[in-house]
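K.L.:
Data: target_12.tsv, TSV, C-alpha atoms and all ligand atoms.
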```tsv
chain	number	residue	atom	x	y	z
A	1	MET	CA	0.00	0.00	0.00
A	2	ASP	CA	3.06	2.22	0.21
A	3	ASN	CA	2.62	3.68	-3.29
A	4	LEU	CA	-0.47	5.58	-2.04
A	5	THR	CA	1.18	8.75	-0.78
A	6	GLY	CA	-0.68	10.09	2.22
A	7	ILE	CA	-2.27	6.78	3.24
A	8	LYS	CA	-2.99	6.60	6.97
A	9	ARG	CA	-2.93	3.52	9.19
A	10	ASN	CA	-5.18	2.52	12.09
A	11	VAL	CA	-7.71	5.30	11.68
A	12	SER	CA	-10.76	5.56	13.93
A	13	LEU	CA	-13.92	5.58	11.80
A	14	LYS	CA	-15.72	7.41	14.61
A	15	ASN	CA	-14.13	10.59	13.31
A	16	HIS	CA	-15.44	9.95	9.80
A	17	SER	CA	-19.10	9.31	10.55
A	18	THR	CA	-21.68	11.87	11.66
A	19	PHE	CA	-22.92	9.17	14.11
A	20	ARG	CA	-19.49	9.33	15.84
A	21	ILE	CA	-19.50	5.51	15.94
A	22	GLY	CA	-17.08	3.00	14.45
A	23	GLY	CA	-14.03	0.80	14.92
A	24	ILE	CA	-10.55	1.12	13.50
A	25	ALA	CA	-9.72	0.87	9.79
A	26	LYS	CA	-6.33	-0.65	8.97
A	27	TYR	CA	-5.85	1.76	6.03
A	28	PHE	CA	-7.50	5.10	5.23
A	29	PHE	CA	-6.91	7.16	2.11
A	30	GLU	CA	-8.43	10.48	1.07
A	31	ALA	CA	-8.63	10.65	-2.72
A	32	GLU	CA	-8.46	14.28	-3.81
A	33	ASN	CA	-8.99	13.76	-7.54
A	34	LYS	CA	-10.10	11.22	-10.13
A	35	GLU	CA	-6.59	9.83	-10.62
A	36	GLU	CA	-6.20	9.18	-6.88
A	37	ILE	CA	-9.59	7.43	-6.71
A	38	LEU	CA	-8.59	5.09	-9.54
A	39	LYS	CA	-5.13	4.50	-8.11
A	40	ALA	CA	-6.50	3.65	-4.65
A	41	ILE	CA	-9.00	1.15	-6.04
A	42	LYS	CA	-6.43	-0.48	-8.33
A	43	THR	CA	-3.91	-0.71	-5.49
A	44	ALA	CA	-6.43	-2.35	-3.16
A	45	LYS	CA	-7.44	-4.82	-5.85
A	46	LYS	CA	-3.83	-5.68	-6.67
A	47	SER	CA	-3.16	-6.32	-2.97
A	48	HIS	CA	-6.39	-8.39	-2.64
A	49	LEU	CA	-7.46	-5.99	0.07
A	50	PRO	CA	-11.15	-5.25	0.67
A	51	PHE	CA	-12.01	-1.59	0.21
A	52	PHE	CA	-14.95	0.62	1.08
A	53	ILE	CA	-15.98	3.90	-0.57
A	54	LEU	CA	-16.85	6.68	1.86
A	55	GLY	CA	-18.40	10.09	1.19
A	56	GLY	CA	-19.27	12.40	4.06
A	57	GLY	CA	-20.16	9.51	6.40
A	58	SER	CA	-23.63	10.93	7.11
A	59	ASN	CA	-25.71	7.91	6.13
A	60	ILE	CA	-23.62	5.14	7.56
A	61	LEU	CA	-23.34	3.03	10.67
A	62	PHE	CA	-19.87	1.51	10.99
A	63	SER	CA	-19.59	-1.53	13.24
A	64	ASP	CA	-17.41	-1.46	16.35
A	65	LYS	CA	-15.11	-4.09	14.81
A	66	ARG	CA	-11.74	-3.51	13.17
A	67	PHE	CA	-11.79	-3.30	9.35
A	68	ASN	CA	-8.70	-4.96	7.89
A	69	GLY	CA	-9.02	-3.18	4.58
A	70	LEU	CA	-8.85	0.23	2.94
A	71	ILE	CA	-11.36	3.04	3.36
A	72	ILE	CA	-11.28	5.34	0.33
A	73	LYS	CA	-12.74	8.72	1.23
A	74	ILE	CA	-13.93	10.44	-1.95
A	75	ASN	CA	-12.78	14.03	-1.78
A	76	ASN	CA	-12.61	15.26	-5.41
A	77	GLN	CA	-14.25	18.65	-5.23
A	78	ASP	CA	-13.89	20.03	-8.77
A	79	LEU	CA	-16.76	22.25	-9.86
A	80	GLU	CA	-17.70	23.76	-13.21
A	81	ILE	CA	-20.81	25.83	-13.86
A	82	LYS	CA	-21.89	26.38	-17.48
A	83	LYS	CA	-25.20	28.22	-17.94
A	84	ASN	CA	-27.69	25.98	-16.07
A	85	ALA	CA	-25.43	22.91	-15.90
A	86	ILE	CA	-23.17	22.01	-12.98
A	87	ILE	CA	-20.45	19.42	-13.35
A	88	ALA	CA	-19.09	18.44	-9.98
A	89	GLY	CA	-16.79	15.88	-8.40
A	90	ALA	CA	-18.48	13.22	-6.27
A	91	GLY	CA	-16.65	14.46	-3.18
A	92	ILE	CA	-18.13	17.94	-3.23
A	93	LYS	CA	-20.27	18.73	-0.21
A	94	LEU	CA	-23.96	19.13	-0.96
A	95	SER	CA	-24.01	22.26	1.20
A	96	ARG	CA	-21.41	23.85	-1.12
A	97	LEU	CA	-23.41	22.85	-4.21
A	98	VAL	CA	-26.52	24.48	-2.76
A	99	LEU	CA	-24.57	27.70	-2.04
A	100	GLU	CA	-22.96	27.77	-5.49
A	101	SER	CA	-26.27	27.20	-7.24
A	102	ALA	CA	-27.86	30.02	-5.20
A	103	LYS	CA	-24.95	32.30	-6.15
A	104	HIS	CA	-25.59	31.58	-9.83
A	105	ASN	CA	-29.40	31.90	-9.51
A	106	LEU	CA	-29.92	28.25	-10.32
A	107	SER	CA	-32.79	26.47	-8.69
A	108	GLY	CA	-33.46	22.74	-8.14
A	109	LEU	CA	-31.36	21.85	-5.09
A	110	GLU	CA	-33.15	23.93	-2.45
A	111	TRP	CA	-34.51	20.76	-0.75
A	112	ALA	CA	-30.88	19.81	0.01
A	113	ALA	CA	-30.12	22.91	2.09
A	114	GLY	CA	-28.74	21.78	5.44
A	115	LEU	CA	-28.29	18.18	4.27
A	116	PRO	CA	-24.90	16.80	5.26
A	117	GLY	CA	-22.74	14.61	3.02
A	118	THR	CA	-21.35	14.61	-0.49
A	119	LEU	CA	-22.82	14.58	-3.97
A	120	GLY	CA	-21.63	10.94	-4.45
A	121	GLY	CA	-23.37	9.82	-1.27
A	122	ALA	CA	-26.55	11.65	-2.28
A	123	ILE	CA	-26.57	9.94	-5.68
A	124	TYR	CA	-25.87	6.51	-4.15
A	125	GLY	CA	-28.99	6.70	-1.97
A	126	ASN	CA	-31.00	9.12	-4.16
A	127	ALA	CA	-31.13	11.46	-1.17
A	128	GLY	CA	-34.21	13.62	-0.98
A	129	ALA	CA	-36.56	15.65	1.17
A	130	PHE	CA	-39.81	17.58	0.82
A	131	SER	CA	-40.95	15.33	-2.09
A	132	LYS	CA	-37.83	16.07	-4.16
A	133	SER	CA	-34.60	14.17	-4.65
A	134	ILE	CA	-31.23	14.40	-6.37
A	135	LYS	CA	-32.47	12.32	-9.31
A	136	ASP	CA	-34.63	15.31	-10.40
A	137	SER	CA	-31.45	17.18	-11.35
A	138	VAL	CA	-29.11	14.41	-12.57
A	139	LYS	CA	-28.28	14.38	-16.28
A	140	SER	CA	-25.37	11.94	-16.35
A	141	ILE	CA	-22.83	10.34	-14.07
A	142	LYS	CA	-19.22	9.34	-14.61
A	143	VAL	CA	-18.37	6.13	-12.76
A	144	PHE	CA	-15.39	3.85	-12.39
A	145	ASP	CA	-16.34	0.20	-12.64
A	146	ALA	CA	-14.00	-1.46	-10.15
A	147	LYS	CA	-14.77	-4.91	-11.57
A	148	ILE	CA	-13.51	-4.24	-15.07
A	149	LEU	CA	-11.36	-1.23	-14.16
A	150	LYS	CA	-13.03	1.06	-16.70
A	151	ILE	CA	-14.61	4.52	-16.68
A	152	LYS	CA	-18.22	4.61	-17.90
A	153	ASN	CA	-20.82	7.34	-18.42
A	154	LEU	CA	-24.32	6.56	-17.21
A	155	SER	CA	-27.45	8.48	-18.16
A	156	ALA	CA	-29.96	9.29	-15.41
A	157	LYS	CA	-32.15	6.47	-16.76
A	158	GLN	CA	-29.31	3.95	-16.46
A	159	CYS	CA	-28.93	4.90	-12.79
A	160	LYS	CA	-32.35	3.30	-12.09
A	161	PHE	CA	-33.29	5.83	-9.44
A	162	GLY	CA	-36.19	5.05	-7.15
A	163	TYR	CA	-37.25	6.07	-3.67
A	164	LYS	CA	-33.90	6.11	-1.79
A	165	GLU	CA	-32.63	3.67	-4.43
A	166	SER	CA	-30.21	3.59	-7.35
A	167	ILE	CA	-28.17	1.14	-9.37
A	168	PHE	CA	-25.22	1.97	-7.10
A	169	LYS	CA	-26.87	0.21	-4.15
A	170	LYS	CA	-27.17	-2.94	-6.25
A	171	ASN	CA	-23.78	-2.84	-7.93
A	172	ARG	CA	-21.11	-1.90	-5.41
A	173	ASN	CA	-18.43	-2.02	-8.12
A	174	LEU	CA	-19.67	1.28	-9.51
A	175	VAL	CA	-17.81	4.16	-7.90
A	176	ILE	CA	-19.23	7.60	-8.66
A	177	ILE	CA	-16.53	9.97	-9.87
A	178	SER	CA	-18.51	13.03	-11.00
A	179	CYS	CA	-21.95	14.13	-12.08
A	180	GLU	CA	-23.61	16.58	-14.43
A	181	LEU	CA	-26.64	18.27	-12.91
A	182	ILE	CA	-29.14	20.37	-14.83
A	183	LEU	CA	-30.86	23.16	-12.90
A	184	LYS	CA	-33.35	25.89	-13.77
A	185	LYS	CA	-32.93	29.64	-13.64
A	186	GLY	CA	-34.51	30.91	-10.47
A	187	ASN	CA	-33.93	32.40	-7.07
A	188	LEU	CA	-33.77	29.89	-4.23
A	189	LYS	CA	-32.56	32.01	-1.33
A	190	GLU	CA	-35.95	32.15	0.41
A	191	GLU	CA	-36.52	28.39	-0.07
A	192	ILE	CA	-33.10	27.65	1.45
A	193	THR	CA	-33.88	29.65	4.59
A	194	LYS	CA	-37.26	27.92	4.92
A	195	THR	CA	-35.75	24.44	4.45
A	196	ILE	CA	-33.02	25.00	7.03
A	197	SER	CA	-35.43	26.33	9.63
A	198	GLN	CA	-37.79	23.37	8.99
A	199	ARG	CA	-34.89	20.94	9.56
A	200	LYS	CA	-33.91	22.70	12.80
A	201	LYS	CA	-37.49	22.41	14.07
A	202	THR	CA	-38.02	18.74	13.21
A	203	GLN	CA	-34.61	17.05	13.47
A	204	PRO	CA	-32.40	16.44	16.55
A	205	LEU	CA	-29.43	18.31	15.10
A	206	ASN	CA	-27.66	18.85	18.43
A	207	PHE	CA	-26.70	15.15	18.72
A	208	PRO	CA	-24.66	12.93	16.38
A	209	SER	CA	-26.83	10.78	14.11
A	210	ALA	CA	-26.97	9.37	10.58
A	211	GLY	CA	-30.32	10.89	9.64
A	212	CYS	CA	-33.37	8.69	9.18
A	213	ILE	CA	-32.77	5.05	10.08
A	214	PHE	CA	-35.67	3.57	8.08
A	215	LYS	CA	-37.30	4.34	4.75
A	216	ASN	CA	-40.92	5.42	4.87
A	217	TYR	CA	-43.30	2.57	4.07
A	218	LEU	CA	-44.57	2.86	0.50
A	219	GLY	CA	-47.99	1.25	0.42
A	220	LYS	CA	-51.14	0.84	2.45
A	221	ILE	CA	-52.02	-0.79	5.72
A	222	LYS	CA	-55.35	-2.42	4.92
A	223	ASN	CA	-56.08	-4.22	8.20
A	224	ARG	CA	-59.31	-2.47	9.41
A	225	LYS	CA	-58.59	-3.09	13.09
A	226	ILE	CA	-55.24	-1.31	12.79
A	227	VAL	CA	-56.71	1.59	10.76
A	228	LEU	CA	-59.47	2.08	13.33
A	229	LYS	CA	-56.89	2.17	16.11
A	230	TYR	CA	-54.74	4.71	14.22
A	231	PRO	CA	-57.10	6.94	12.16
A	232	GLU	CA	-54.15	8.94	10.72
A	233	LEU	CA	-53.51	5.87	8.57
A	234	GLU	CA	-56.53	6.78	6.36
A	235	MET	CA	-54.66	9.85	5.09
A	236	PHE	CA	-51.30	8.05	4.79
A	237	ASN	CA	-53.00	5.16	2.96
A	238	GLU	CA	-54.46	7.59	0.46
A	239	LYS	CA	-50.98	8.98	-0.28
A	240	ARG	CA	-49.52	5.44	-0.17
A	241	ILE	CA	-46.68	6.60	2.05
A	242	ILE	CA	-46.57	5.92	5.76
A	243	PRO	CA	-43.85	7.85	7.59
A	244	ALA	CA	-41.45	5.56	9.46
A	245	GLY	CA	-41.37	8.11	12.31
A	246	PHE	CA	-45.15	7.76	12.76
A	247	LEU	CA	-44.92	3.94	12.97
A	248	ILE	CA	-42.07	4.08	15.52
A	249	GLU	CA	-43.73	6.78	17.62
A	250	LYS	CA	-47.01	4.84	17.79
A	251	CYS	CA	-45.09	1.84	19.17
A	252	GLY	CA	-44.22	4.06	22.14
A	253	LEU	CA	-40.51	4.02	21.37
A	254	LYS	CA	-39.68	7.73	21.40
A	255	GLY	CA	-36.96	8.38	23.98
A	256	LYS	CA	-36.05	4.68	24.38
A	257	ASN	CA	-32.36	4.30	25.38
A	258	ILE	CA	-29.98	1.39	24.95
A	259	GLY	CA	-26.41	2.04	26.09
A	260	GLY	CA	-25.39	5.41	24.71
A	261	ALA	CA	-28.00	5.43	21.92
A	262	GLN	CA	-31.52	6.85	22.01
A	263	ILE	CA	-34.55	6.93	19.74
A	264	SER	CA	-34.95	10.69	19.41
A	265	LYS	CA	-37.77	12.29	21.36
A	266	LEU	CA	-38.07	14.92	18.61
A	267	HIS	CA	-38.11	12.65	15.53
A	268	ALA	CA	-38.71	8.94	16.13
A	269	ASN	CA	-36.96	7.88	12.91
A	270	PHE	CA	-33.66	9.30	14.19
A	271	ILE	CA	-31.41	7.37	16.55
A	272	ILE	CA	-29.03	9.72	18.30
A	273	ASN	CA	-25.70	9.14	19.98
A	274	THR	CA	-26.24	10.69	23.39
A	275	ASN	CA	-23.34	9.17	25.30
A	276	ASP	CA	-20.50	7.49	23.42
A	277	ALA	CA	-22.84	4.94	21.82
A	278	LYS	CA	-21.49	1.74	20.30
A	279	ALA	CA	-22.77	0.28	17.04
A	280	LYS	CA	-24.16	-2.63	19.04
A	281	ASP	CA	-26.43	-0.23	21.00
A	282	VAL	CA	-27.83	1.13	17.72
A	283	PHE	CA	-28.28	-2.40	16.29
A	284	LYS	CA	-30.30	-3.35	19.38
A	285	LEU	CA	-32.56	-0.30	18.97
A	286	ILE	CA	-32.99	-1.09	15.26
A	287	ASN	CA	-33.98	-4.69	16.07
A	288	LEU	CA	-36.41	-3.49	18.73
A	289	ILE	CA	-38.06	-1.07	16.27
A	290	GLU	CA	-38.35	-3.75	13.58
A	291	LYS	CA	-39.94	-6.21	16.02
A	292	LYS	CA	-42.41	-3.75	17.56
A	293	VAL	CA	-43.52	-2.24	14.22
A	294	LYS	CA	-44.01	-5.73	12.78
A	295	LYS	CA	-46.13	-6.73	15.77
A	296	GLU	CA	-48.25	-3.57	15.87
A	297	PHE	CA	-48.66	-2.82	12.14
A	298	LYS	CA	-47.89	-6.21	10.51
A	299	ILE	CA	-45.36	-4.67	8.14
A	300	SER	CA	-41.60	-5.01	7.72
A	301	MET	CA	-39.49	-1.88	7.72
A	302	GLU	CA	-36.60	-1.32	5.35
A	303	LYS	CA	-33.43	0.41	6.51
A	304	GLU	CA	-32.38	3.68	4.90
A	305	ILE	CA	-28.94	3.91	6.54
A	306	GLN	CA	-26.07	1.83	5.21
A	307	ILE	CA	-24.56	-0.65	7.62
A	308	PHE	CA	-20.90	-1.50	7.25
A	309	ASN	CA	-19.91	-4.53	9.32
B	1	LIG	C1	-28.83	15.32	10.48
B	1	LIG	C2	-29.01	14.54	9.20
B	1	LIG	C3	-30.06	14.83	8.37
B	1	LIG	C4	-30.25	14.10	7.18
B	1	LIG	N1	-31.31	14.41	6.38
B	1	LIG	C5	-31.50	13.70	5.23
B	1	LIG	C6	-32.59	14.00	4.36
B	1	LIG	O1	-33.37	14.92	4.59
B	1	LIG	N2	-32.73	13.26	3.23
B	1	LIG	C7	-31.85	12.24	2.91
B	1	LIG	O2	-32.04	11.60	1.86
B	1	LIG	N3	-30.81	11.95	3.73
B	1	LIG	C8	-30.61	12.64	4.86
B	1	LIG	N4	-29.55	12.33	5.67
B	1	LIG	C9	-28.65	11.23	5.32
B	1	LIG	C10	-27.41	11.64	4.52
B	1	LIG	O3	-27.02	12.96	4.79
B	1	LIG	C11	-27.61	11.52	3.01
B	1	LIG	O4	-28.05	10.23	2.69
B	1	LIG	C12	-26.32	11.86	2.25
B	1	LIG	O5	-26.64	12.05	0.91
B	1	LIG	C13	-25.25	10.78	2.38
B	1	LIG	O6	-24.07	11.26	1.76
B	1	LIG	P1	-22.62	10.92	2.34
B	1	LIG	O7	-21.63	11.52	1.41
B	1	LIG	O8	-22.50	11.30	3.75
B	1	LIG	O9	-22.61	9.33	2.18
B	1	LIG	P2	-21.87	8.27	3.11
B	1	LIG	O10	-22.59	8.17	4.40
B	1	LIG	O11	-20.42	8.55	3.17
B	1	LIG	O12	-22.11	6.95	2.27
B	1	LIG	C14	-23.40	6.42	2.10
B	1	LIG	C15	-23.31	5.28	1.06
B	1	LIG	O13	-22.95	5.86	-0.20
B	1	LIG	C16	-21.81	5.20	-0.74
B	1	LIG	N5	-21.03	6.21	-1.48
B	1	LIG	C17	-20.64	7.43	-1.03
B	1	LIG	N6	-19.95	8.09	-2.00
B	1	LIG	C18	-19.90	7.25	-3.06
B	1	LIG	C19	-19.31	7.32	-4.37
B	1	LIG	N7	-18.63	8.39	-4.78
B	1	LIG	N8	-19.47	6.26	-5.21
B	1	LIG	C20	-20.14	5.15	-4.82
B	1	LIG	N9	-20.71	5.02	-3.59
B	1	LIG	C21	-20.59	6.06	-2.73
B	1	LIG	C22	-21.06	4.63	0.46
B	1	LIG	O14	-20.28	3.51	0.10
B	1	LIG	C23	-22.22	4.26	1.40
B	1	LIG	O15	-22.69	2.97	1.10
B	1	LIG	C24	-29.34	13.06	6.84
B	1	LIG	C25	-28.26	12.79	7.70
B	1	LIG	C26	-28.08	13.52	8.86
B	1	LIG	C27	-26.91	13.21	9.75
```
Let me see the structure of the file written as structure tokens.
P.N.:
Amino acid sequence: MDNLTGIKRNVSLKNHSTFRIGGIAKYFFEAENKEEILKAIKTAKKSHLPFFILGGGSNILFSDKRFNGLIIKINNQDLEIKKNAIIAGAGIKLSRLVLESAKHNLSGLEWAAGLPGTLGGAIYGNAGAFSKSIKDSVKSIKVFDAKILKIKNLSAKQCKFGYKESIFKKNRNLVIISCELILKKGNLKEEITKTISQRKKTQPLNFPSAGCIFKNYLGKIKNRKIVLKYPELEMFNEKRIIPAGFLIEKCGLKGKNIGGAQISKLHANFIINTNDAKAKDVFKLINLIEKKVKKEFKISMEKEIQIFN
């Protein structure tokens, strides 16, 4: 691994996740440009070393165990703005993209104001809020296919975006290098202020977390007994989207603590790190939520956060 200048050894992943949870990684490399991303992947493959691609670490729960491989933190931050198109490196922070688009009077990313993480991470999970998501602005994506060691260009259609889904979740060999976004002319300053204040009101931002733990449930709960017990379900059923936070709250789990982790009292779909939580504390809370929601609502929840064991 010595040909990767700047590689670090025995790095605590706690410091690279917004959850402030994680064990030690044997190797850690910050790739500042496309060439370094490719070199790091090729080096790991040549050494038969497992590797993991990391963005801003805001949607991930690292386990407490040691990782005997290489973490490649994507940090290419190149940015080019041409009329209403933005071409940006996968490592650029979303917050910077929002600011730059506001500066250039380009609208389309206002929903992302205050959202932590990188463009690559947002594309991987088709991050979104307030009924919008990154897929609405993606034109094409440059990826490196780590299986065949080739660069490819994918159209938005080829990325198979869905609700918190993309091809990248299914094919982990595809590493996002950069993306072309298409925005519209428009002023988004007011929207940005509104979005940030809404986040502050509804999310427990004063504690470490990884955002929403579960996806909302897309579908209906038809069981009449359950709908009669929870009349709000009529409205959610009509929209065919049942907020995960609602399901967790109704199971009486808000404020539940295990070890140093807590199901937020403000937003039940957030687990917060209140006191040096371990990944195992969070796993226990996740299992508890899954069991209780299954029992009360007869549905299975799907995780939104990525778990790296
Ligand atoms: C307080 C808070 C609020 C949040 N609010 C929202 C919200 O409103 N909506 C929402 O959707 N999310 C939200 N999140 C979750 C998170 O911020 C987003 O999902 C974000 O887009 C993740 O980006 P990241 O760079 O941090 O990804 P990471 O956490 O670093 O990685 C997530 C996954 O993406 C993969 N990945 C990252 N970069 C690349 C790349 N270049 N190529 C291939 N794979 C890659 C990683 O391997 C990993 O599997 C919130 C999180 C927090 C802490």
K.L.:
What is the distance between CA of Asn216 in chain A and CA of Tyr230 in chain A, in Å to one decimal?
P.N.:
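These atoms are spaced 16.7 Å apart.
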K.L.:
With only C-alpha atoms and all ligand atoms counted and 6 Å as the cut-off, give the residues of chain A in contact with ligand LIG 1 (chain B), each with its shortest interatomic distance in Å and the pair that gives it, as a tab-separated table.
P.N.:
```
residue	atom	partner	partner_atom	distance
A:Thr18	CA	B:LIG1	C27	5.7
A:Ile53	CA	B:LIG1	O14	4.4
A:Leu54	CA	B:LIG1	O11	4.2
A:Gly55	CA	B:LIG1	O11	3.2
A:Gly56	CA	B:LIG1	O8	3.4
A:Gly57	CA	B:LIG1	O11	3.4
A:Ser58	CA	B:LIG1	O8	3.6
A:Asn59	CA	B:LIG1	O10	3.6
A:Ile60	CA	B:LIG1	O10	4.5
A:Ile74	CA	B:LIG1	N7	5.9
A:Ala90	CA	B:LIG1	N7	5.1
A:Leu115	CA	B:LIG1	N1	5.3
A:Pro116	CA	B:LIG1	O3	4.4
A:Gly117	CA	B:LIG1	O8	3.4
A:Thr118	CA	B:LIG1	O7	3.6
A:Gly120	CA	B:LIG1	N7	4.0
A:Gly121	CA	B:LIG1	O6	3.4
A:Ala122	CA	B:LIG1	O5	3.2
A:Tyr124	CA	B:LIG1	O13	5.0
A:Gly125	CA	B:LIG1	O4	5.9
A:Ala127	CA	B:LIG1	O2	3.2
A:Gly128	CA	B:LIG1	O2	4.1
A:Ala129	CA	B:LIG1	O1	4.7
A:Val175	CA	B:LIG1	N8	3.8
A:Ile176	CA	B:LIG1	N8	3.7
A:Ile177	CA	B:LIG1	N7	5.7
A:Leu205	CA	B:LIG1	C1	5.5
A:Ser209	CA	B:LIG1	C27	5.0
A:Ala210	CA	B:LIG1	C27	3.9
A:Gly211	CA	B:LIG1	C25	3.4
A:Gln306	CA	B:LIG1	O15	5.4
```
K.L.:
Convert the current residue selection to file output with C-alpha atoms, as a PDB file, in the frame of the given file.
P.N.:
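As a result, selection_17.pdb now contains:
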```
ATOM      1  CA  THR A  18     -21.680  11.870  11.660  1.00  0.00           C
ATOM      2  CA  ILE A  53     -15.980   3.900  -0.570  1.00  0.00           C
ATOM      3  CA  LEU A  54     -16.850   6.680   1.860  1.00  0.00           C
ATOM      4  CA  GLY A  55     -18.400  10.090   1.190  1.00  0.00           C
ATOM      5  CA  GLY A  56     -19.270  12.400   4.060  1.00  0.00           C
ATOM      6  CA  GLY A  57     -20.160   9.510   6.400  1.00  0.00           C
ATOM      7  CA  SER A  58     -23.630  10.930   7.110  1.00  0.00           C
ATOM      8  CA  ASN A  59     -25.710   7.910   6.130  1.00  0.00           C
ATOM      9  CA  ILE A  60     -23.620   5.140   7.560  1.00  0.00           C
ATOM     10  CA  ILE A  74     -13.930  10.440  -1.950  1.00  0.00           C
ATOM     11  CA  ALA A  90     -18.480  13.220  -6.270  1.00  0.00           C
ATOM     12  CA  LEU A 115     -28.290  18.180   4.270  1.00  0.00           C
ATOM     13  CA  PRO A 116     -24.900  16.800   5.260  1.00  0.00           C
ATOM     14  CA  GLY A 117     -22.740  14.610   3.020  1.00  0.00           C
ATOM     15  CA  THR A 118     -21.350  14.610  -0.490  1.00  0.00           C
ATOM     16  CA  GLY A 120     -21.630  10.940  -4.450  1.00  0.00           C
ATOM     17  CA  GLY A 121     -23.370   9.820  -1.270  1.00  0.00           C
ATOM     18  CA  ALA A 122     -26.550  11.650  -2.280  1.00  0.00           C
ATOM     19  CA  TYR A 124     -25.870   6.510  -4.150  1.00  0.00           C
ATOM     20  CA  GLY A 125     -28.990   6.700  -1.970  1.00  0.00           C
ATOM     21  CA  ALA A 127     -31.130  11.460  -1.170  1.00  0.00           C
ATOM     22  CA  GLY A 128     -34.210  13.620  -0.980  1.00  0.00           C
ATOM     23  CA  ALA A 129     -36.560  15.650   1.170  1.00  0.00           C
ATOM     24  CA  VAL A 175     -17.810   4.160  -7.900  1.00  0.00           C
ATOM     25  CA  ILE A 176     -19.230   7.600  -8.660  1.00  0.00           C
ATOM     26  CA  ILE A 177     -16.530   9.970  -9.870  1.00  0.00           C
ATOM     27  CA  LEU A 205     -29.430  18.310  15.100  1.00  0.00           C
ATOM     28  CA  SER A 209     -26.830  10.780  14.110  1.00  0.00           C
ATOM     29  CA  ALA A 210     -26.970   9.370  10.580  1.00  0.00           C
ATOM     30  CA  GLY A 211     -30.320  10.890   9.640  1.00  0.00           C
ATOM     31  CA  GLN A 306     -26.070   1.830   5.210  1.00  0.00           C
TER      32      GLN A 306
END
```
K.L.:
Figure out the distance between CA of Asp78 in chain A and CA of Lys150 in chain A, please, to one decimal in Å.
P.N.:
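A separation of 20.6 Å between them.
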K.L.:
Taking into account all atoms listed in the file, which residue in the set A:Leu218, A:Ile182, A:Ala244, A:Leu266 is nearest to Ser140 in chain A?
P.N.:
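Closest to Ser140 in chain A of all the choices is A:Ile182.
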K.L.:
Quick one: residues within 10 Å of Lys8 in chain A, all atoms listed in the file, excluding same-chain residues fewer than 2 positions away - as a short mmCIF file (atom, residue, chain, number, x, y, z; two decimals) with C-alpha atoms, in the coordinates of the input?
P.N.:
```
data_model
loop_
_atom_site.label_atom_id
_atom_site.label_comp_id
_atom_site.auth_asym_id
_atom_site.auth_seq_id
_atom_site.Cartn_x
_atom_site.Cartn_y
_atom_site.Cartn_z
CA LEU A 4 -0.47 5.58 -2.04
CA THR A 5 1.18 8.75 -0.78
CA GLY A 6 -0.68 10.09 2.22
CA ASN A 10 -5.18 2.52 12.09
CA VAL A 11 -7.71 5.30 11.68
CA ALA A 25 -9.72 0.87 9.79
CA LYS A 26 -6.33 -0.65 8.97
CA TYR A 27 -5.85 1.76 6.03
CA PHE A 28 -7.50 5.10 5.23
CA PHE A 29 -6.91 7.16 2.11
CA GLU A 30 -8.43 10.48 1.07
CA LEU A 70 -8.85 0.23 2.94
CA ILE A 71 -11.36 3.04 3.36
#
```
K.L.:
Find the spatial neighbours of Asn273 in chain A, counting all atoms listed in the file, within a cut-off of 10 Å - ignore same-chain residues fewer than 5 positions away - and output them as a ChimeraX atom specification.
P.N.:
/A:18-21,207-210,257,259-264,278-279,281-282
K.L.:
Which value, in Å to one decimal, gives the distance between CA of Tyr163 in chain A and CA of Ala85 in chain A?
P.N.:
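Separation of CA of Tyr163 in chain A and CA of Ala85 in chain A: 23.9 Å.
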K.L.:
Which residues are close to Glu80 in chain A, i.e. within 12 Å by only C-alpha atoms, leaving aside same-chain residues fewer than 3 positions away? Reply as a list in words.
P.N.:
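The neighbour list is Gln77, Lys83, Asn84, Ala85, Ile86, Ile87, Ala88, Gly89, Ile92, Leu97, Glu100, Ser101, His104, Ser178, Cys179, Glu180 and Leu181 of chain A.
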K.L.:
Please produce an output containing C-alpha atoms for each residue in the selection, written as a PDB file, in the coordinates of the input.
P.N.:
```pdb
ATOM      1  CA  GLN A  77     -14.250  18.650  -5.230  1.00  0.00           C
ATOM      2  CA  LYS A  83     -25.200  28.220 -17.940  1.00  0.00           C
ATOM      3  CA  ASN A  84     -27.690  25.980 -16.070  1.00  0.00           C
ATOM      4  CA  ALA A  85     -25.430  22.910 -15.900  1.00  0.00           C
ATOM      5  CA  ILE A  86     -23.170  22.010 -12.980  1.00  0.00           C
ATOM      6  CA  ILE A  87     -20.450  19.420 -13.350  1.00  0.00           C
ATOM      7  CA  ALA A  88     -19.090  18.440  -9.980  1.00  0.00           C
ATOM      8  CA  GLY A  89     -16.790  15.880  -8.400  1.00  0.00           C
ATOM      9  CA  ILE A  92     -18.130  17.940  -3.230  1.00  0.00           C
ATOM     10  CA  LEU A  97     -23.410  22.850  -4.210  1.00  0.00           C
ATOM     11  CA  GLU A 100     -22.960  27.770  -5.490  1.00  0.00           C
ATOM     12  CA  SER A 101     -26.270  27.200  -7.240  1.00  0.00           C
ATOM     13  CA  HIS A 104     -25.590  31.580  -9.830  1.00  0.00           C
ATOM     14  CA  SER A 178     -18.510  13.030 -11.000  1.00  0.00           C
ATOM     15  CA  CYS A 179     -21.950  14.130 -12.080  1.00  0.00           C
ATOM     16  CA  GLU A 180     -23.610  16.580 -14.430  1.00  0.00           C
ATOM     17  CA  LEU A 181     -26.640  18.270 -12.910  1.00  0.00           C
TER      18      LEU A 181
END
```
K.L.:
From (-23.4, -1.5, 9.0), in the file's coordinates, out to 10 Å: which residues are reached, counting all atoms listed in the file? Answer as a PyMOL selection string.
P.N.:
chain A and resi 22+60-64+279+283+305-309
